[in-house]
Amino acid sequence: MEQRKKVLVIGVIGADVHAVGNKILYHAFTEAGFEVINLGVMVAQEEYIAAAIESNADAIVVSSLYGQGELDCRGLREKCDEAGLKGIPLVVGGNIVIGKQKFEDVERRFKDMGFDRAFPPGTAPETTIEALRELLHMDGETA
Amino acid sequence: MKPVLLIDFGSTYTKLTAVDVESETLLGTAAAFTTIQTDINDGLTEGLKKLKAKIGPVDFAETYACSSAAGGLRMVTSGLVPELTGEAARLASLGAGAKVVGVYAFQLTEDDLEDIREAKPDIFLLVGGTDGGNTECILHNAKMLAQMKPEFPIVIAGNRTAARQCQRILDGCEVYVCPNVMPKFGVLNAEPTQKQIREIFLTRIIQAKGLSKATELLSDIMMPTPSAVLAAMKLLADGCEGESGIGELVAVDVGGATTDIYSIAEGMPDHMNTVYKGLPEPYAKRTVEGDIGMRYSIQGIVDAAGMDKICRLSGLTEERVTELVEDLKVNTDKVPNGDDDLEKLDFALASGAVAEAVARHAGTISETYTMLGQTFVQEGKNLTKVKQIVVTGGSLIHTRQTEKIAAHALYDPAHPESLRPKEAGVWVDRTYILAAMGLLSLHYPQTALRIIKKELEYYGHSE
Ligand code: B12
C-alpha cells in the first residue's frame with residue numbers, strides 16, 4: 001500500500017500580504033514529497049485549524065513577514081488544543097518580529113507561546129525542510 | 001409532431017406542460033390543485049383533462065416528471081468542520097434539489113440522534129475529512145447512526161480512507177458509497193453524490209410518497225423540482241451545442257414558504273488586490289431561505305427587511321401592514337385579486353424577499369487596512385458582473401411590477417459589501433416552464449433552450 005504523505009498546512013498569518021515566499025515554500029515542500037495545503041496570504045488562526053482538522057495534518061507551518069507575527073501568533077496553540085489538535089507541531093518563520101532583535105529571545109518567546117520551532121529571517125527552504133523532517137521523525141524517509 | 005408531456009408534482013399544484021419537440025413549441029400548460037389529503041394521481045388526471053381541453057387530444061410520445069410533493073426531498077447532513085466539509089455537504093444537498101432539514105458538524109451526540117429521528121429525513125448525507133485526512137469523526141458518526149437503526153438511506157461521501165469501514169459499521173442499513181464531496185482542501189466534488197441522491201429519490205422516495213402509480217406513465221426521469229430548475233438555469237446560461245446561452249445569471253424563485261436562489265456564475269475576485277477566503281462555491285449554486293416566503297414565512301420577510309422598509313415600499317401604514325400580515329399568516333392562499341392594499345403589500349414583501357435572499361446567496365467583500373493601504377477580502381461568490389436575472393415562482397410572475405421587484409436583487413449602494421449584480425436584464429418565466437424545460441433538457445437540450453428563450457419575457461436593463 002502506498003504510504004500516506006505527511007500533510008502540512010501552510011499560510012501567511014494575519015493581515016500580511018507578502019505572497020512570494022509562501023509560493024516558494026509551497027513548491028519546495030511539495031517537491032520534497034509533502035502533501036501541502038496552502039492557505040495563501042491573510043490567514044486567520046481559525047483557518048489553519050479548520051484545514052488541519054479536515055486533513056488530519058501533521059504540522060502547521062506559519063509564515064509572518066510584516067513584523068506583527070508575535071501579535072498574530074498569540075493564542076494559536078491554545079486554540080489548537082481547544083479544537084482537538086493536541087500536540088500538533090507548530091512552526092513559524094519569515095520576518096517574525098520587527099527590526100533587529102536577538103533571535104534567542106525571539107525564539108524563546110515563540111516557544112513560550114507553544115511553538116515547537118521558530119526560525120530566523122533568511123532561513124532557506126532546504127533548512128526548513130530538514131527541520132520539518134526531524135520534527136516529524138522522518139529520518140531517511142522521502143516524506 | 002412529437003408531443004412530450006412534462007409534469008411537476010408540487011405540494012399544492014400539479015403542473016403540466018406539453019411541448020412539441022419537432023416544431024420546438026410550447027403546446028400548452030395546465031395546473032390542478034392538490035392537497036396533502038388528495039391523492040396525487042387525482043391531480044394528474046384532473047390536470048390532464050384541463051390540458052387536453054386546451055390543446056385538444058394528443059398522444060404523448062414521452063413523459064417526464066419532477067416532484068417537490070409531500071415536503072420534497074428532505075435531507076440531513078453531517079460533516080466535520082462547519083465551514084469546510086459541513087458546508088460542502090450542505091451545498092451538495094441543496095444542489096441536488098433537497099430541502100435540508102438538519103446540518104451537523106463534528107461528532108454527533110445522543111441528542112442529535114433524537115433530533116434527526118424527528119426530522120425524518122429521506123436521505124442522510126454522511127461526510128467528513130478530506131481524502132487521507134481525518135477519519136475519527138466520520139467513523140464516530142457512522143457508529144452513532146448505526147445505533148439508531150435508521151430507516152432512511154445513508155450516502156457516505158467523506159474521507160475515502162474511512163468509507164468502507166463506515167459501510168461495515170452501517171451493515172444492515174441502506175448505504176451508498178460515493179467519492180468524497182471535498183477530496184482535497186477547498187475542492188468541491190459534489191456531482192457523483194448528487195447523482196446518487198437523485199437515483200435514491202427516484203426509486204425509494206417515489207414509492208414512499210404515493211407517486212408510484214403516476215410513475216407507470218413516465219418514460220424514465222424523475223427528479224426533485226429544484227434540481228430540474230437548476231438544470232434549466234445551467235442550460236440557459238451556458239447554452240448547448242447549436243444554441244448559445246445568455247451568459248452568467250442569477251435566478252430567484254419566491255414561493256409561499258421558502259425562497260430559492262440560483263446562480264450560474266464563477267464569482268471569483270475580479271481584482272488583484274482581493275484575496276478569496278473560505279470554501280470555493282460551486283459554479284451552479286442553489287440556496288434556499290426557509291424563513292423567507294410570501295405566506296407561510298411572511299413574518300420572516302418582515303423581520304429581515306424591517307417594518308420601515310415594508311411600509312416605505314408599500315406606502316401603507318404600520319398598522320395596516322401588521323393587520324394584513326396577520327391575516328395572510330392564517331389565510332395563506334389569499335391573492336391580491338384586485339385588492340389595492342394587498343397588491344401594494346405583496347409588492348413590498350416580494351421586493352424585501354428578493355433583496356434578503358439574494359444578499360444571503362451572494363458573497364461579501366470587506367476592506368482591511370494594512371500599513372500599505374487597502375486590501376480586500378472576498379467570501380462567497382462575486383456576482384457583481386452577472387448581467388441577467390431570471391424571475392420565476394408564483395408570487396412574482398403574477399404581479400405586474402415584476403421588473404421592479406427583480407431590481408431588488410441588484411447591488412445596493414447602502415450595502416456595498418454585498419456582491420450582487422450591478423446591472424442586469426430581467427427575464428420573467430410567466431408561463432412557469434423552467435422546471436419542465438429542465439426535465440426536457442436532459443434529452444432535448446437544444447429544443448428546451450429554444451423554448452425557454454422564446455417563452456421567457458425579457459425586460460431591459462435595471463440598475
Ligand atoms: C515585496 C515586499 C513587499 C510587497 C509584497 C508584495 C506581495 N504581495 O508579495 C509589498 C509592497 C506589498 C509590501 C508591503 C509591506 N511590507 Co514588505 N517587503 C517586500 C520585500 C521587499 C520582499 C519580500 C519578498 O517577496 N521576498 C522574497 C521571498 C522569497 O522571501 P520571504 O518572503 O522572506 O520568504 C522566505 C523566507 O522568509 C522563508 N520563510 C517564510 N515563511 C517561513 C516560515 C518558516 C517556518 C520558515 C522556516 C521560513 C519561512 O522562506 C521564504 C522562501 O525562501 C521585503 C524585504 C525583503 N527583501 O525581504 C519587505 C518586507 C518584508 N516588508 C516589510 C514591511 C514593513 C512591509 C509593510 C508593513 C510596509 C512597507 N514598508 O511597505 C507592508 C505590509 C503589507 C502587508 N499588509 O503585508 C518589512 C518587514 C519588516 C519586519 N518584519 O521587521 C520588510 C522586511 C522590508 C524591510 N526591511 O523593512 N512588501
# chains A, B, ... in the order shown; residues from 1 in each chain; ligands from 1
>>> interface_residues(of="chain B", to="chain A", cutoff="9 Å", atoms="only C-alpha atoms", output="PyMOL selection string")
chain B and resi 80-85+128-135+184-186+275+277-278+368-370+375+377
>>> write_last_selection(atoms="C-alpha atoms", output="PDB file, in the first residue's frame")
ATOM      1  CA  LEU B  80     -16.555  17.670  10.244  1.00  0.00           C
ATOM      2  CA  VAL B  81     -15.619  21.387  10.351  1.00  0.00           C
ATOM      3  CA  PRO B  82     -18.747  23.544   9.839  1.00  0.00           C
ATOM      4  CA  GLU B  83     -17.147  25.898   7.282  1.00  0.00           C
ATOM      5  CA  LEU B  84     -15.489  23.089   5.327  1.00  0.00           C
ATOM      6  CA  THR B  85     -16.975  19.596   4.888  1.00  0.00           C
ATOM      7  CA  GLY B 128     -16.107  14.470   6.892  1.00  0.00           C
ATOM      8  CA  GLY B 129     -12.387  14.618   6.330  1.00  0.00           C
ATOM      9  CA  THR B 130     -10.510  15.204   3.102  1.00  0.00           C
ATOM     10  CA  ASP B 131      -9.163  12.073   1.396  1.00  0.00           C
ATOM     11  CA  GLY B 132      -6.411  10.750   3.640  1.00  0.00           C
ATOM     12  CA  GLY B 133      -7.436  13.244   6.318  1.00  0.00           C
ATOM     13  CA  ASN B 134      -9.466  12.891   9.488  1.00  0.00           C
ATOM     14  CA  THR B 135     -11.272   9.557   9.867  1.00  0.00           C
ATOM     15  CA  LYS B 184      -8.871  17.935  -1.126  1.00  0.00           C
ATOM     16  CA  PHE B 185      -8.889  21.058   0.924  1.00  0.00           C
ATOM     17  CA  GLY B 186     -11.056  23.664  -0.818  1.00  0.00           C
ATOM     18  CA  VAL B 275      -7.974  37.765  -1.503  1.00  0.00           C
ATOM     19  CA  LYS B 277     -11.327  33.253   1.730  1.00  0.00           C
ATOM     20  CA  GLY B 278     -13.308  30.162   2.595  1.00  0.00           C
ATOM     21  CA  THR B 368      -8.899  45.751   5.699  1.00  0.00           C
ATOM     22  CA  TYR B 369      -6.406  48.494   6.064  1.00  0.00           C
ATOM     23  CA  THR B 370      -2.821  47.438   6.243  1.00  0.00           C
ATOM     24  CA  THR B 375      -6.740  45.251   0.734  1.00  0.00           C
ATOM     25  CA  VAL B 377     -11.186  40.023   1.421  1.00  0.00           C
TER      26      VAL B 377
END
>>> residues_near_ligand(ligand="ligand 1", cutoff="8 Å", atoms="only C-alpha atoms and all ligand atoms", output="ChimeraX atom specification")
/A:12,15-25,61-68,91-100,117-125,127-128 /B:369-373,375
>>> closest_residue(among="B:Thr392, B:Thr274, B:Thr77, B:Ser67", to="Leu439 of chain B", atoms="only C-alpha atoms")
B:Ser67
>>> residues_around(residues="segment 307-310 of chain B", least_positions_apart="5", cutoff="9 Å", atoms="only C-alpha atoms", output="list in words")
Ile301, Val302, Gly315, Leu316, Glu318, Val321, Thr322, Leu345, Ala348, Leu349, Ser351 and Gly352 of chain B
>>> select_by_dssp(residues="segment 155-333 of chain B", states="helix (DSSP H, G or I)", output="PyMOL selection string")
chain B and resi 160-169+191-208+212-215+225-238+298-305+307-314+318-330
>>> residues_around(residues="Leu235 of chain B", least_positions_apart="3", cutoff="8 Å", atoms="only C-alpha atoms", output="list in words")
Ala231, Ala232, Asp238, Gly239, Cys240, Gly245, Gly438, Ser441, Pro445 and Leu449 of chain B
>>> residues_around(residues="Arg77 of chain A", least_positions_apart="6", cutoff="8 Å", atoms="only C-alpha atoms", output="number ranges by chain")
A: 90, 113-115
>>> residues_around(residues="Lys344 of chain B", least_positions_apart="3", cutoff="6 Å", atoms="only C-alpha atoms", output="count of residues only")
3
>>> atom_distance(atom1="atom CA of Ala32 of chain B", atom2="atom CA of Arg286 of chain B")
27.3 Å
>>> atom_distance(atom1="atom CA of Ala18 of chain B", atom2="atom CA of Leu440 of chain B")
10.4 Å
>>> residues_around(residues="segment 2-14 of chain B", least_positions_apart="3", cutoff="7 Å", atoms="only C-alpha atoms", output="JSON, numbers by chain")
{"B": [17, 18, 19, 20, 21, 22, 31, 32, 33, 34, 35, 43, 44, 47, 60, 61, 62, 63, 64, 65, 66, 67, 68, 69, 70, 71, 225, 436]}
>>> atom_distance(atom1="atom CA of Ser23 of chain B", atom2="atom CA of Leu51 of chain B")
18.8 Å
>>> decode(residues="segment 77-92 of chain A", atoms="all heavy atoms", output="CSV table (one decimal), in the first residue's frame")
chain,number,residue,atom,x,y,z
A,77,ARG,N,-1.8,28.1,19.8
A,77,ARG,CA,-1.6,26.8,20.5
A,77,ARG,C,-2.8,26.5,21.3
A,77,ARG,O,-3.4,25.4,21.2
A,77,ARG,CB,-0.3,26.8,21.3
A,77,ARG,CG,-0.2,25.6,22.2
A,77,ARG,CD,-0.2,24.3,21.5
A,77,ARG,NE,1.1,24.1,20.8
A,77,ARG,CZ,1.3,23.1,19.8
A,77,ARG,NH1,0.3,22.3,19.5
A,77,ARG,NH2,2.4,23.0,19.2
A,78,GLU,N,-3.3,27.5,22.0
A,78,GLU,CA,-4.5,27.2,22.9
A,78,GLU,C,-5.7,26.9,22.0
A,78,GLU,O,-6.5,26.0,22.4
A,78,GLU,CB,-4.8,28.5,23.7
A,78,GLU,CG,-3.8,28.7,24.9
A,78,GLU,CD,-2.5,29.3,24.4
A,78,GLU,OE1,-2.3,29.7,23.2
A,78,GLU,OE2,-1.5,29.5,25.2
A,79,LYS,N,-5.9,27.6,20.9
A,79,LYS,CA,-7.0,27.3,20.0
A,79,LYS,C,-6.9,25.9,19.4
A,79,LYS,O,-7.9,25.2,19.3
A,79,LYS,CB,-7.1,28.3,18.9
A,79,LYS,CG,-7.8,29.5,19.3
A,79,LYS,CD,-8.2,30.4,18.2
A,79,LYS,CE,-8.4,31.8,18.6
A,79,LYS,NZ,-8.2,32.8,17.6
A,80,CYS,N,-5.6,25.5,19.1
A,80,CYS,CA,-5.4,24.1,18.6
A,80,CYS,C,-5.9,23.1,19.7
A,80,CYS,O,-6.5,22.1,19.4
A,80,CYS,CB,-4.0,23.9,18.3
A,80,CYS,SG,-3.5,24.6,16.7
A,81,ASP,N,-5.4,23.3,20.9
A,81,ASP,CA,-5.8,22.4,22.0
A,81,ASP,C,-7.3,22.3,22.1
A,81,ASP,O,-7.9,21.2,22.2
A,81,ASP,CB,-5.2,22.9,23.3
A,81,ASP,CG,-3.7,22.8,23.4
A,81,ASP,OD1,-3.2,22.1,22.5
A,81,ASP,OD2,-3.1,23.3,24.3
A,82,GLU,N,-7.9,23.4,22.0
A,82,GLU,CA,-9.4,23.5,22.2
A,82,GLU,C,-10.1,22.7,21.1
A,82,GLU,O,-11.1,22.1,21.3
A,82,GLU,CB,-9.8,25.0,22.1
A,82,GLU,CG,-11.2,25.3,22.5
A,82,GLU,CD,-11.3,25.1,24.0
A,82,GLU,OE1,-10.5,25.7,24.8
A,82,GLU,OE2,-12.3,24.4,24.4
A,83,ALA,N,-9.5,22.8,19.9
A,83,ALA,CA,-10.1,22.2,18.7
A,83,ALA,C,-9.8,20.7,18.6
A,83,ALA,O,-10.1,20.1,17.6
A,83,ALA,CB,-9.7,22.9,17.4
A,84,GLY,N,-9.1,20.2,19.5
A,84,GLY,CA,-8.7,18.7,19.5
A,84,GLY,C,-7.5,18.4,18.7
A,84,GLY,O,-7.2,17.3,18.4
A,85,LEU,N,-6.7,19.5,18.4
A,85,LEU,CA,-5.4,19.2,17.7
A,85,LEU,C,-4.3,19.2,18.7
A,85,LEU,O,-3.3,19.9,18.5
A,85,LEU,CB,-5.2,20.3,16.7
A,85,LEU,CG,-6.1,20.4,15.4
A,85,LEU,CD1,-5.8,21.7,14.6
A,85,LEU,CD2,-5.9,19.2,14.6
A,86,LYS,N,-4.5,18.5,19.8
A,86,LYS,CA,-3.5,18.5,20.9
A,86,LYS,C,-2.1,18.0,20.3
A,86,LYS,O,-2.1,17.0,19.7
A,86,LYS,CB,-3.9,17.6,22.0
A,86,LYS,CG,-4.7,18.3,23.0
A,86,LYS,CD,-4.5,17.7,24.4
A,86,LYS,CE,-4.9,18.5,25.6
A,86,LYS,NZ,-5.6,19.7,25.4
A,87,GLY,N,-1.1,18.8,20.6
A,87,GLY,CA,0.3,18.4,20.3
A,87,GLY,C,0.7,18.5,18.8
A,87,GLY,O,1.7,18.1,18.5
A,88,ILE,N,-0.2,19.0,18.0
A,88,ILE,CA,0.2,19.2,16.6
A,88,ILE,C,1.4,20.1,16.5
A,88,ILE,O,1.5,21.2,17.1
A,88,ILE,CB,-1.0,19.7,15.7
A,88,ILE,CG1,-0.6,19.7,14.2
A,88,ILE,CG2,-1.4,21.1,16.1
A,88,ILE,CD1,-1.7,20.0,13.3
A,89,PRO,N,2.5,19.7,15.8
A,89,PRO,CA,3.7,20.6,15.7
A,89,PRO,C,3.3,21.9,15.0
A,89,PRO,O,2.6,21.9,14.0
A,89,PRO,CB,4.6,19.8,14.8
A,89,PRO,CG,4.2,18.4,15.0
A,89,PRO,CD,2.7,18.4,15.1
A,90,LEU,N,3.8,23.0,15.7
A,90,LEU,CA,3.6,24.4,15.1
A,90,LEU,C,4.9,24.9,14.9
A,90,LEU,O,5.8,25.0,15.8
A,90,LEU,CB,2.8,25.3,16.1
A,90,LEU,CG,1.4,24.9,16.5
A,90,LEU,CD1,0.9,25.9,17.5
A,90,LEU,CD2,0.5,24.9,15.3
A,91,VAL,N,5.2,25.4,13.6
A,91,VAL,CA,6.5,26.1,13.4
A,91,VAL,C,6.2,27.4,12.7
A,91,VAL,O,5.2,27.6,12.1
A,91,VAL,CB,7.4,25.2,12.5
A,91,VAL,CG1,7.7,23.9,13.1
A,91,VAL,CG2,6.9,25.1,11.1
A,92,VAL,N,7.1,28.4,12.9
A,92,VAL,CA,6.9,29.7,12.4
A,92,VAL,C,8.2,30.3,11.9
A,92,VAL,O,9.3,29.9,12.4
A,92,VAL,CB,6.3,30.6,13.5
A,92,VAL,CG1,7.2,30.7,14.7
A,92,VAL,CG2,6.0,32.0,13.0
